[in-house]
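Data file: structure-v8.cif. Format and content: mmCIF, C-alpha atoms.
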data_run
#
loop_
_atom_site.label_atom_id
_atom_site.label_comp_id
_atom_site.auth_asym_id
_atom_site.auth_seq_id
_atom_site.Cartn_x
_atom_site.Cartn_y
_atom_site.Cartn_z
CA MET A 454 43.42 117.08 63.34
CA PRO A 455 41.66 117.87 66.64
CA ALA A 456 39.19 120.73 66.41
CA SER A 457 41.08 122.69 69.06
CA ALA A 458 44.11 122.94 66.76
CA ALA A 459 42.11 124.78 64.08
CA ARG A 460 43.45 128.30 63.58
CA ARG A 461 41.86 131.51 62.40
CA HIS A 462 43.26 133.57 59.53
CA GLU A 463 42.38 137.03 58.30
CA VAL A 464 42.54 138.31 54.73
CA ARG A 465 41.91 142.00 54.10
CA ILE A 466 40.43 143.12 50.82
CA GLU A 467 41.93 146.54 50.40
CA GLY A 468 43.08 148.72 47.51
CA MET A 469 41.56 146.18 45.08
CA LYS A 470 43.87 143.46 46.42
CA PHE A 471 43.61 140.41 48.65
CA VAL A 472 46.11 140.90 51.50
CA PRO A 473 47.84 138.52 51.81
CA GLU A 474 47.36 137.43 48.23
CA ARG A 475 48.63 133.92 49.02
CA LEU A 476 47.60 132.19 52.22
CA GLU A 477 48.56 128.75 53.47
CA VAL A 478 46.31 127.10 56.03
CA ALA A 479 45.68 123.67 57.48
CA ALA A 480 42.49 121.72 56.75
CA GLY A 481 39.94 122.72 59.39
CA ASP A 482 41.24 126.32 59.73
CA ARG A 483 38.84 129.25 59.46
CA ILE A 484 39.62 132.09 57.09
CA THR A 485 37.82 135.42 57.31
CA TRP A 486 37.91 137.92 54.44
CA THR A 487 36.96 141.51 55.28
CA ASN A 488 36.30 144.16 52.64
CA ARG A 489 37.98 147.47 53.52
CA ASP A 490 37.23 149.11 50.14
CA PHE A 491 34.34 151.43 49.28
CA VAL A 492 33.35 149.15 46.44
CA PRO A 493 31.83 145.67 46.90
CA HIS A 494 33.93 142.56 46.37
CA SER A 495 33.56 138.79 46.44
CA VAL A 496 35.73 135.77 47.18
CA THR A 497 35.02 133.33 44.37
CA ALA A 498 36.59 130.04 43.25
CA LYS A 499 33.94 128.57 40.98
CA GLY A 500 35.43 125.10 40.56
CA ALA A 501 36.01 124.72 44.31
CA GLY A 502 32.51 125.89 45.26
CA ILE A 503 33.88 128.91 47.15
CA GLU A 504 31.52 131.89 46.88
CA SER A 505 31.14 134.62 49.47
CA GLY A 506 28.37 136.52 47.72
CA ASP A 507 28.79 140.29 47.41
CA LEU A 508 30.60 141.84 50.38
CA GLY A 509 29.91 145.54 50.93
CA GLN A 510 32.28 147.89 52.72
CA ASP A 511 33.47 146.47 56.08
CA LYS A 512 31.56 143.23 55.59
CA SER A 513 33.23 139.90 56.38
CA TRP A 514 32.84 136.33 55.24
CA THR A 515 34.27 133.24 56.89
CA TYR A 516 35.13 129.96 55.20
CA VAL A 517 36.28 126.74 56.79
CA ALA A 518 39.04 125.08 54.74
CA LYS A 519 38.05 121.51 54.09
CA LYS A 520 39.95 119.43 51.58
CA PRO A 521 43.63 120.00 50.89
CA GLY A 522 44.63 121.60 47.62
CA GLU A 523 45.52 124.85 45.94
CA PHE A 524 42.53 127.09 45.26
CA PRO A 525 43.09 130.15 43.10
CA TYR A 526 40.26 132.61 43.61
CA ILE A 527 39.16 135.96 42.23
CA CYS A 528 36.78 138.78 43.01
CA ARG A 529 33.83 137.89 40.75
CA LEU A 530 33.02 141.59 40.46
CA HIS A 531 36.61 142.60 39.60
CA PRO A 532 38.16 139.64 37.79
CA VAL A 533 41.54 141.41 37.73
CA MET A 534 41.84 140.70 41.47
CA HIS A 535 43.48 137.37 42.31
CA GLY A 536 44.29 135.40 45.42
CA VAL A 537 45.25 131.85 46.24
CA LEU A 538 44.27 129.69 49.19
CA ILE A 539 46.51 126.71 49.87
CA VAL A 540 45.08 124.06 52.19
CA ARG A 541 47.64 121.60 53.59
CA MET B 1424 43.44 162.16 15.69
CA ASN B 1425 39.93 160.93 16.45
CA TRP B 1426 37.65 161.93 19.33
CA LYS B 1427 38.76 158.99 21.48
CA GLN B 1428 42.35 160.16 21.38
CA VAL B 1429 41.33 163.75 21.94
CA LEU B 1430 39.20 163.03 25.01
CA PRO B 1431 42.02 162.50 27.52
CA LEU B 1432 43.57 165.74 26.29
CA ILE B 1433 40.28 167.58 26.75
CA VAL B 1434 40.01 166.19 30.25
CA LEU B 1435 43.59 166.82 31.19
CA ALA B 1436 44.44 170.10 29.50
CA PRO B 1437 42.64 172.34 32.03
CA ALA B 1438 43.71 170.10 34.91
CA LEU B 1439 47.35 170.24 33.87
CA ALA B 1440 47.14 173.99 33.27
CA LEU B 1441 45.83 174.32 36.80
CA ALA B 1442 48.63 172.12 38.08
CA GLN B 1443 51.20 174.45 36.59
CA GLY B 1444 49.71 177.44 38.31
CA LYS B 1445 47.37 177.22 41.23
CA GLY B 1446 45.69 173.83 41.60
CA PRO B 1447 41.95 173.37 42.02
CA SER B 1448 40.49 174.22 45.41
CA ASP B 1449 39.03 171.50 47.61
CA PRO B 1450 35.43 172.38 46.63
CA GLN B 1451 36.52 172.19 42.96
CA ILE B 1452 38.23 168.85 43.57
CA ALA B 1453 35.04 167.55 45.20
CA GLY B 1454 33.15 168.78 42.10
CA ILE B 1455 35.59 166.97 39.78
CA VAL B 1456 35.31 163.72 41.78
CA VAL B 1457 31.50 163.77 41.83
CA THR B 1458 31.28 164.67 38.12
CA ALA B 1459 33.84 162.08 37.03
CA ASN B 1460 32.00 159.31 38.89
CA GLN B 1461 28.54 160.34 37.69
CA ILE B 1462 29.70 160.40 34.07
CA ASP B 1463 30.82 156.79 34.27
CA VAL B 1464 27.60 155.72 36.02
CA ASP B 1465 25.62 157.32 33.17
CA ALA B 1466 27.76 155.70 30.45
CA GLY B 1467 27.38 152.35 32.27
CA LYS B 1468 23.59 152.67 32.25
CA ILE B 1469 23.59 153.26 28.49
CA ALA B 1470 25.87 150.24 27.93
CA LYS B 1471 23.80 148.02 30.19
CA SER B 1472 20.65 148.77 28.23
CA LYS B 1473 22.17 148.79 24.72
CA SER B 1474 24.84 146.08 24.72
CA LYS B 1475 24.02 142.44 23.96
CA ASN B 1476 27.44 141.21 25.11
CA LYS B 1477 27.45 139.66 28.60
CA GLU B 1478 31.03 140.70 29.40
CA VAL B 1479 30.29 144.29 28.38
CA LYS B 1480 27.04 144.33 30.37
CA ASP B 1481 28.80 142.90 33.45
CA PHE B 1482 31.54 145.54 33.17
CA ALA B 1483 28.93 148.27 32.75
CA GLN B 1484 27.09 147.05 35.87
CA GLN B 1485 30.39 147.10 37.75
CA MET B 1486 31.01 150.70 36.71
CA ILE B 1487 27.51 151.64 37.92
CA THR B 1488 28.00 149.86 41.27
CA ASP B 1489 31.54 151.06 41.97
CA HIS B 1490 31.21 154.67 40.87
CA THR B 1491 27.92 154.96 42.76
CA ALA B 1492 29.67 153.61 45.89
CA VAL B 1493 32.52 156.11 45.49
CA ASN B 1494 30.12 159.02 45.03
CA LYS B 1495 28.22 157.98 48.15
CA GLN B 1496 31.49 158.21 50.11
CA ALA B 1497 32.45 161.50 48.43
CA GLY B 1498 29.03 162.98 49.21
CA ALA B 1499 29.23 161.87 52.84
CA LEU B 1500 32.72 163.35 53.21
CA ALA B 1501 31.75 166.65 51.55
CA LYS B 1502 28.82 166.91 53.95
CA LYS B 1503 31.01 166.11 56.95
CA LEU B 1504 33.60 168.71 55.91
CA GLY B 1505 30.97 171.29 55.00
CA VAL B 1506 32.32 171.45 51.44
CA THR B 1507 29.93 172.22 48.58
CA PRO B 1508 31.27 170.70 45.33
CA GLU B 1509 32.03 173.49 42.83
CA ASP B 1510 32.30 173.53 39.06
CA SER B 1511 35.68 174.22 37.45
CA ASP B 1512 37.17 174.17 33.94
CA THR B 1513 38.03 170.52 34.53
CA SER B 1514 34.53 169.46 35.61
CA LYS B 1515 33.07 171.43 32.68
CA SER B 1516 35.44 169.67 30.26
CA LEU B 1517 34.48 166.33 31.75
CA LYS B 1518 30.79 167.08 31.19
CA GLN B 1519 31.45 168.25 27.65
CA GLY B 1520 33.45 165.09 26.88
CA ALA B 1521 30.69 162.96 28.41
CA ALA B 1522 27.99 164.62 26.30
CA GLU B 1523 30.04 163.93 23.15
CA ASN B 1524 30.58 160.32 24.19
CA VAL B 1525 26.88 159.77 24.92
CA GLY B 1526 25.94 161.40 21.60
CA ASN B 1527 28.31 159.06 19.78
CA LEU B 1528 27.20 155.92 21.68
CA LYS B 1529 23.53 156.56 20.99
CA LYS B 1530 24.19 156.37 17.25
CA LEU B 1531 25.85 152.93 17.45
CA LYS B 1532 24.62 149.35 17.80
CA GLY B 1533 25.94 145.83 18.35
CA ALA B 1534 29.68 145.22 18.09
CA GLN B 1535 30.32 148.83 17.04
CA PHE B 1536 28.62 150.05 20.18
CA ASP B 1537 30.57 147.63 22.42
CA LYS B 1538 33.88 148.67 20.88
CA ALA B 1539 33.15 152.39 21.18
CA TYR B 1540 31.97 152.05 24.79
CA VAL B 1541 34.94 149.95 25.88
CA ASP B 1542 37.51 152.06 23.97
CA HIS B 1543 36.11 155.12 25.66
CA GLU B 1544 36.20 153.45 29.09
CA VAL B 1545 39.90 152.67 28.58
CA ALA B 1546 40.71 156.26 27.57
CA TYR B 1547 38.50 157.72 30.27
CA HIS B 1548 39.93 155.69 33.16
CA GLN B 1549 43.46 156.44 31.95
CA ALA B 1550 42.65 160.16 31.87
CA VAL B 1551 41.06 160.05 35.32
CA LEU B 1552 44.05 158.15 36.71
CA ASP B 1553 46.40 160.78 35.29
CA ALA B 1554 44.28 163.57 36.75
CA ILE B 1555 44.29 161.82 40.17
CA ASP B 1556 48.08 161.52 40.16
CA LYS B 1557 49.01 164.86 38.61
CA VAL B 1558 46.32 167.18 39.91
CA LEU B 1559 43.82 165.89 42.43
CA ILE B 1560 46.09 164.24 45.02
CA PRO B 1561 48.83 166.92 44.82
CA SER B 1562 46.27 169.77 45.05
CA ALA B 1563 43.92 168.46 47.76
CA GLN B 1564 44.44 170.45 50.95
CA ASN B 1565 42.17 168.59 53.32
CA ALA B 1566 43.76 165.33 54.51
CA GLU B 1567 40.48 163.39 54.45
CA LEU B 1568 39.72 164.53 50.90
CA LYS B 1569 43.25 163.55 49.83
CA GLY B 1570 42.74 160.22 51.66
CA LEU B 1571 39.48 159.53 49.85
CA ILE B 1572 41.05 160.13 46.43
CA THR B 1573 44.07 158.01 47.38
CA LYS B 1574 41.73 155.21 48.44
CA VAL B 1575 39.73 155.43 45.22
CA ARG B 1576 42.83 155.28 42.97
CA PRO B 1577 43.28 151.46 43.03
CA ALA B 1578 39.64 151.00 41.95
CA ILE B 1579 40.20 153.27 38.93
CA ALA B 1580 43.41 151.37 38.10
CA ALA B 1581 41.56 148.03 38.36
CA HIS B 1582 38.74 149.36 36.13
CA LEU B 1583 41.36 150.42 33.58
CA GLU B 1584 42.93 146.97 33.63
CA HIS B 1585 39.50 145.29 33.34
CA ALA B 1586 38.54 147.59 30.44
CA LYS B 1587 41.83 146.77 28.64
CA HIS B 1588 41.16 143.03 29.00
CA LEU B 1589 37.70 143.57 27.58
CA GLN B 1590 39.11 145.67 24.74
CA ALA B 1591 41.53 142.85 23.83
CA SER B 1592 38.76 140.23 24.07
CA LEU B 1593 36.45 142.25 21.78
CA ALA B 1594 39.28 142.71 19.25
CA LYS B 1595 39.53 138.90 18.88
CA LYS B 1596 35.86 138.55 17.89
#
Could you write out this file's structure as structure tokens?
Amino acid sequence: MPASAARRHEVRIEGMKFVPERLEVAAGDRITWTNRDFVPHSVTAKGAGIESGDLGQDKSWTYVAKKPGEFPYICRLHPVMHGVLIVR
Amino acid sequence: MNWKQVLPLIVLAPALALAQGKGPSDPQIAGIVVTANQIDVDAGKIAKSKSKNKEVKDFAQQMITDHTAVNKQAGALAKKLGVTPEDSDTSKSLKQGAAENVGNLKKLKGAQFDKAYVDHEVAYHQAVLDAIDKVLIPSAQNAELKGLITKVRPAIAAHLEHAKHLQASLAKK
């Protein structure tokens, strides 16, 4: 895919949820997670090597989707929070 | 009925009595929010130092981090609104319940400590959630104060869910 076709996607972390919880992107797309809660969160998929580190209030983290696949992720700090990133 | 079952009643009885008559004032609500958060920070610190279980220690650290973050926001909002948090029957009951919990936790060790801490966290977050829904949100007059409590609610619900998972995991050991 040409670099110019790469798209940007936003995921809000709000109310202890990833919004949207399920996101489909193309390989090469950039996804930015922004924490809108008071409490810190992370975007973590251990097996896939996805780890944002701790994101404080209003902090963002951007990840470039590389290989295709389905990547369930959690907030490492609040393991009851789930999301899934699908890379086509 | 043991103390763990009694605690939510202790917490809620004055709050519900208030709800039936005149609800707590905004300064009292601010006092309840600050007290409720501080209590869980303090319990978390005890658990972090006494527990040997990694899951319990991680949960305790999370309670310290999250409830400290909420209190920072609550303090900033109170300052902005010129509200001085006030004591009320509810905040006094919360403190009394917390002192009993701490007294009990200090006597325990190992798996008994972990179970008592986590059981209490489940009951406590359930009681706080009930107070948020039945008293604090309906009674708050200032829109920003109501907004803050509304925004905090999902964190309390997630803590409750996390504590229940932990409770189930400890029961299997």
Notebook entry, point to check: Taking only C-alpha atoms into account, what are the residues of chain B at most 9 Å from chain A, put as a PyMOL selection string?
Noted result: chain B and resi 1481-1482+1485+1488-1493+1496+1574-1578+1580-1582+1584-1585+1588
Checklist line | Long-range neighbours of Ala458 of chain A as a ChimeraX atom specification, 12 Å cut-off, only C-alpha atoms, 5 positions minimum in chain | finding: /A:478-483
Checklist line | Nearest to Lys1596 of chain B by atom-to-atom distance, counting only C-alpha atoms, from B:Ala1521, B:Asp1512, B:Ala1470, B:Gln1535 | finding: B:Gln1535
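Around the coordinate (40.7, 126.2, 49.8), residues that reach within 6 Å when counting all atoms listed in the file are Ala518, Phe524, Leu538, Ile539 and Val540 of chain A.
For Thr497 of chain A, the list of residues within 10 Å, based on all atoms listed in the file and with local chain neighbours fewer than 2 positions off taken out, reads His494, Ser495, Lys499, Gly500, Ala501, Gly502, Ile503, Glu504, Ser505, Gly506, Asp507, Phe524, Pro525, Tyr526, Ile527, Cys528, Arg529, Leu530, Pro532, His535 and Gly536 of chain A.
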Using the file's own x, y and z axes, what box holds all listed atoms of segment 491-497 of chain A with 3 Å on each side, keeping edges along x, y and z, and what are its centre and edge lengths in Å to one decimal, as AutoDock Vina command-line options?
--center_x 33.8 --center_y 142.4 --center_z 46.8 --size_x 9.9 --size_y 24.1 --size_z 10.9
Next item on the list: On this file, the PyMOL selection byres ((chain B and resi 1467) around 9) gives some set of residues; write that set as a list in words.
Entry: Ile1462, Asp1463, Val1464, Asp1465, Ala1466, Lys1468, Ile1469, Ala1470, Lys1471, Ser1472, Lys1480, Phe1482, Ala1483, Gln1484, Gln1485, Met1486, Ile1487 and Tyr1540 of chain B
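Here atom CA of Glu1478 of chain B stands at a distance of 9.8 Å from atom CA of Asp1537 of chain B.
Against the coordinates shown, the PyMOL selection byres ((chain B and resi 1497) around 8) returns Ala1453, Val1456, Val1457, Val1493, Asn1494, Lys1495, Gln1496, Gly1498, Ala1499, Leu1500, Ala1501 and Leu1571 of chain B.
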Contacts of Val464 of chain A within 9 Å, all atoms listed in the file, excl. fewer than 2 positions in-chain, as a short mmCIF file (atom, residue, chain, number, x, y, z; two decimals) with C-alpha atoms, in the coordinates of the input:
data_model
loop_
_atom_site.label_atom_id
_atom_site.label_comp_id
_atom_site.auth_asym_id
_atom_site.auth_seq_id
_atom_site.Cartn_x
_atom_site.Cartn_y
_atom_site.Cartn_z
CA HIS A 462 43.26 133.57 59.53
CA ILE A 466 40.43 143.12 50.82
CA PHE A 471 43.61 140.41 48.65
CA VAL A 472 46.11 140.90 51.50
CA PRO A 473 47.84 138.52 51.81
CA GLU A 474 47.36 137.43 48.23
CA LEU A 476 47.60 132.19 52.22
CA ILE A 484 39.62 132.09 57.09
CA THR A 485 37.82 135.42 57.31
CA TRP A 486 37.91 137.92 54.44
CA THR A 487 36.96 141.51 55.28
CA ASN A 488 36.30 144.16 52.64
#
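Excluding Ile1555 of chain B and any residue on its chain fewer than 6 positions from it, the residues at most 10 Å away by only C-alpha atoms are B:Ala1438, B:Ile1452, B:Val1456, B:Gln1549, B:Pro1561, B:Ser1562, B:Lys1569, B:Ile1572, B:Thr1573, B:Val1575, B:Arg1576, B:Ile1579.
Atom CA of Arg541 of chain A is found 5.1 Å from atom CA of Pro521 of chain A.
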Next item on the list: State, in Å with one decimal place, the distance from atom CA of Gly1446 of chain B to atom CA of Val1558 of chain B.
Entry: 6.9 Å
Next item on the list: Around the point (23.3, 155.2, 23.2), in the coordinates given by the file, pick out the residues reaching within 9 Å, counting only C-alpha atoms, and return them as a VMD selection string.
Entry: chain B and resid 1466 1469 to 1470 1472 to 1473 1524 to 1532 1536
Check: Care to translate the PyMOL selection byres ((chain B and resi 1448) around 12) into actual residues of this file, as a VMD selection string?
Finding: chain B and resid 1438 1441 to 1442 1445 to 1447 1449 to 1455 1506 to 1513 1558 to 1565 1568 to 1569
Export, as a CSV table (one decimal), keeping the file's coordinate frame, the selected residues with C-alpha atoms.
chain,number,residue,atom,x,y,z
B,1438,ALA,CA,43.7,170.1,34.9
B,1441,LEU,CA,45.8,174.3,36.8
B,1442,ALA,CA,48.6,172.1,38.1
B,1445,LYS,CA,47.4,177.2,41.2
B,1446,GLY,CA,45.7,173.8,41.6
B,1447,PRO,CA,42.0,173.4,42.0
B,1449,ASP,CA,39.0,171.5,47.6
B,1450,PRO,CA,35.4,172.4,46.6
B,1451,GLN,CA,36.5,172.2,43.0
B,1452,ILE,CA,38.2,168.8,43.6
B,1453,ALA,CA,35.0,167.6,45.2
B,1454,GLY,CA,33.2,168.8,42.1
B,1455,ILE,CA,35.6,167.0,39.8
B,1506,VAL,CA,32.3,171.4,51.4
B,1507,THR,CA,29.9,172.2,48.6
B,1508,PRO,CA,31.3,170.7,45.3
B,1509,GLU,CA,32.0,173.5,42.8
B,1510,ASP,CA,32.3,173.5,39.1
B,1511,SER,CA,35.7,174.2,37.4
B,1512,ASP,CA,37.2,174.2,33.9
B,1513,THR,CA,38.0,170.5,34.5
B,1558,VAL,CA,46.3,167.2,39.9
B,1559,LEU,CA,43.8,165.9,42.4
B,1560,ILE,CA,46.1,164.2,45.0
B,1561,PRO,CA,48.8,166.9,44.8
B,1562,SER,CA,46.3,169.8,45.0
B,1563,ALA,CA,43.9,168.5,47.8
B,1564,GLN,CA,44.4,170.4,51.0
B,1565,ASN,CA,42.2,168.6,53.3
B,1568,LEU,CA,39.7,164.5,50.9
B,1569,LYS,CA,43.2,163.6,49.8
Margin query: Taking 4 positions as the minimum chain separation for residues in the same chain, which residues sit within 8 Å of Lys1538 of chain B when counting only C-alpha atoms? Answer as a PyMOL selection string.
Written below: chain B and resi 1534+1542+1590+1593
